[in-house]
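Trainee: Let me begin by handing over the structure; questions about it come next.
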Amino acid sequence: MPVPQYDAIGDRYTEVANLPTGFLQQAAMKALVGDISGLTVLDLACNTGSYTHKTVTEWGARHAVGVDISPLTIDIARRRARNDPRV
């Protein structure tokens, strides 16, 4: 069952990455993930797919799959990934 609060913020969530703290969060996440070159990634609670997309386009994963409870955020993630078959 979808949780409405995620649908309410989903279309604005992608803006978080552009905040100063968003850049710090990305650096911390990359450090925690480690070397994922050539691997397949499963991103649970992927929201709009920001990290799902980064794992492939910037961090070297071969393929990534994102899963989320919100149909709206999954739709946004699908649109983002539409031009990249690895995501």
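Here's how to read the names in the structure tokens: chain A, B, ... by the order shown, residue numbers from 1 in each chain, ligand numbers from 1 in the order shown.
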So that each row is one residue of segment 29-58 of chain A with an atom at most 9 Å from segment 65-80 of chain A, can you give its shortest atom pair and the distance in Å to one decimal, using only C-alpha atoms, rows by chain and rising number, as a Markdown table?
Mentor:
| residue | atom | partner | partner_atom | distance |
| --- | --- | --- | --- | --- |
| A:Thr40 | CA | A:Val65 | CA | 7.9 |
| A:Val41 | CA | A:Val65 | CA | 6.2 |
| A:Leu42 | CA | A:Val65 | CA | 5.0 |
| A:Asp43 | CA | A:Gly66 | CA | 4.6 |
| A:Leu44 | CA | A:Val67 | CA | 5.1 |
| A:Ala45 | CA | A:Asp68 | CA | 4.5 |
| A:Cys46 | CA | A:Gly66 | CA | 5.3 |
| A:Asn47 | CA | A:Thr73 | CA | 5.3 |
| A:Thr48 | CA | A:Ala77 | CA | 4.5 |
| A:Gly49 | CA | A:Ala77 | CA | 4.7 |
| A:Ser50 | CA | A:Ala77 | CA | 7.6 |
| A:Tyr51 | CA | A:Gly66 | CA | 9.0 |
| A:Thr52 | CA | A:Gly66 | CA | 6.1 |
| A:His53 | CA | A:Arg80 | CA | 7.9 |
Trainee: Skipping near chain neighbours, those fewer than 2 positions away, what residues fall within 7 Å of Ala61 of chain A using only C-alpha atoms, listed as an mmCIF file with N, CA and C atoms, in the first residue's frame?
Mentor:
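See part-v3.cif below for the written result:
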data_model
loop_
_atom_site.group_PDB
_atom_site.id
_atom_site.type_symbol
_atom_site.label_atom_id
_atom_site.label_comp_id
_atom_site.auth_asym_id
_atom_site.auth_seq_id
_atom_site.Cartn_x
_atom_site.Cartn_y
_atom_site.Cartn_z
ATOM 1 N N ILE A 36 32.105 -0.543 -6.438
ATOM 2 C CA ILE A 36 31.032 -1.362 -7.005
ATOM 3 C C ILE A 36 31.228 -1.579 -8.503
ATOM 4 N N SER A 37 32.413 -1.338 -8.974
ATOM 5 C CA SER A 37 32.711 -1.475 -10.402
ATOM 6 C C SER A 37 32.306 -2.845 -10.917
ATOM 7 N N GLY A 38 31.486 -2.842 -11.968
ATOM 8 C CA GLY A 38 31.082 -4.078 -12.620
ATOM 9 C C GLY A 38 29.994 -4.873 -11.915
ATOM 10 N N LEU A 39 29.513 -4.409 -10.783
ATOM 11 C CA LEU A 39 28.502 -5.145 -10.019
ATOM 12 C C LEU A 39 27.089 -4.726 -10.403
ATOM 13 N N THR A 40 26.110 -5.535 -10.006
ATOM 14 C CA THR A 40 24.704 -5.182 -10.112
ATOM 15 C C THR A 40 24.263 -4.691 -8.742
ATOM 16 N N VAL A 41 23.539 -3.567 -8.704
ATOM 17 C CA VAL A 41 23.144 -2.917 -7.460
ATOM 18 C C VAL A 41 21.634 -2.991 -7.291
ATOM 19 N N THR A 55 24.934 5.122 -9.210
ATOM 20 C CA THR A 55 25.738 3.897 -9.106
ATOM 21 C C THR A 55 26.217 3.433 -10.468
ATOM 22 N N VAL A 56 25.402 3.664 -11.493
ATOM 23 C CA VAL A 56 25.758 3.238 -12.853
ATOM 24 C C VAL A 56 26.522 4.327 -13.608
ATOM 25 N N TRP A 59 29.520 5.776 -10.538
ATOM 26 C CA TRP A 59 30.267 4.958 -9.583
ATOM 27 C C TRP A 59 30.680 3.597 -10.136
ATOM 28 N N HIS A 63 24.908 -2.516 -13.618
ATOM 29 C CA HIS A 63 23.451 -2.433 -13.736
ATOM 30 C C HIS A 63 22.895 -2.092 -12.363
#
Trainee: Which distance in Å separates atom CA of Thr57 of chain A and atom CA of Ala81 of chain A, to one decimal?
Mentor: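 Distance reported for this atom pair: 10.2 Å.
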Trainee: May I ask for the distance between atom CA of Arg86 of chain A and atom CA of Gly34 of chain A, given in Å to one decimal place?
Mentor: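 We find that atom CA of Arg86 of chain A and atom CA of Gly34 of chain A lie 19.1 Å from each other.
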Trainee: Within segment 27-76 of chain A, find each residue whose DSSP state, derived from the backbone, is alpha helix (DSSP H), and express the selection as number ranges by chain.
Mentor: A: 27-33, 50-57, 71-76
Trainee: Next, the residues of the selection above should be written as a CSV table (one decimal), in the first residue's frame with N, CA and C atoms.
Mentor:
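The resulting part28.csv:
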chain,number,residue,atom,x,y,z
A,27,ALA,N,28.8,12.2,-1.1
A,27,ALA,CA,30.2,11.8,-0.8
A,27,ALA,C,30.3,10.7,0.3
A,28,ALA,N,29.4,10.9,1.3
A,28,ALA,CA,29.4,9.9,2.4
A,28,ALA,C,28.8,8.5,1.8
A,29,MET,N,27.8,8.6,1.0
A,29,MET,CA,27.2,7.4,0.5
A,29,MET,C,28.2,6.6,-0.4
A,30,LYS,N,28.9,7.4,-1.2
A,30,LYS,CA,29.9,6.7,-2.1
A,30,LYS,C,31.0,6.0,-1.3
A,31,ALA,N,31.4,6.7,-0.2
A,31,ALA,CA,32.4,6.1,0.6
A,31,ALA,C,31.9,4.9,1.3
A,32,LEU,N,30.7,4.9,1.8
A,32,LEU,CA,30.1,3.7,2.4
A,32,LEU,C,29.9,2.5,1.5
A,33,VAL,N,29.5,2.8,0.2
A,33,VAL,CA,29.2,1.8,-0.8
A,33,VAL,C,30.5,1.1,-1.2
A,50,SER,N,17.9,8.7,-7.5
A,50,SER,CA,19.2,9.5,-7.6
A,50,SER,C,20.4,8.6,-7.5
A,51,TYR,N,20.4,7.9,-6.4
A,51,TYR,CA,21.6,7.0,-6.1
A,51,TYR,C,21.6,5.8,-7.1
A,52,THR,N,20.4,5.3,-7.4
A,52,THR,CA,20.3,4.2,-8.4
A,52,THR,C,21.0,4.6,-9.7
A,53,HIS,N,20.7,5.8,-10.1
A,53,HIS,CA,21.3,6.3,-11.3
A,53,HIS,C,22.8,6.6,-11.2
A,54,LYS,N,23.2,7.2,-10.1
A,54,LYS,CA,24.6,7.5,-9.8
A,54,LYS,C,25.5,6.2,-9.8
A,55,THR,N,24.9,5.1,-9.2
A,55,THR,CA,25.7,3.9,-9.1
A,55,THR,C,26.2,3.4,-10.5
A,56,VAL,N,25.4,3.7,-11.5
A,56,VAL,CA,25.8,3.2,-12.9
A,56,VAL,C,26.5,4.3,-13.6
A,57,THR,N,26.0,5.5,-13.6
A,57,THR,CA,26.6,6.6,-14.4
A,57,THR,C,27.9,7.2,-13.9
A,71,PRO,N,4.5,4.9,-5.9
A,71,PRO,CA,4.4,4.9,-7.4
A,71,PRO,C,4.9,6.2,-8.1
A,72,LEU,N,4.6,7.3,-7.4
A,72,LEU,CA,5.1,8.6,-8.0
A,72,LEU,C,6.6,8.6,-8.1
A,73,THR,N,7.3,8.3,-7.1
A,73,THR,CA,8.8,8.4,-7.1
A,73,THR,C,9.3,7.3,-8.1
A,74,ILE,N,8.7,6.2,-8.2
A,74,ILE,CA,9.2,5.2,-9.2
A,74,ILE,C,9.0,5.7,-10.6
A,75,ASP,N,7.9,6.4,-10.8
A,75,ASP,CA,7.7,7.0,-12.1
A,75,ASP,C,8.7,8.0,-12.5
A,76,ILE,N,9.1,8.8,-11.5
A,76,ILE,CA,10.2,9.8,-11.7
A,76,ILE,C,11.5,9.1,-12.0
Trainee: Looking only at strand (DSSP E or B) from DSSP on the backbone, list the matching residues of segment 28-82 of chain A as a PyMOL selection string.
Mentor: chain A and resi 40-44+63-67
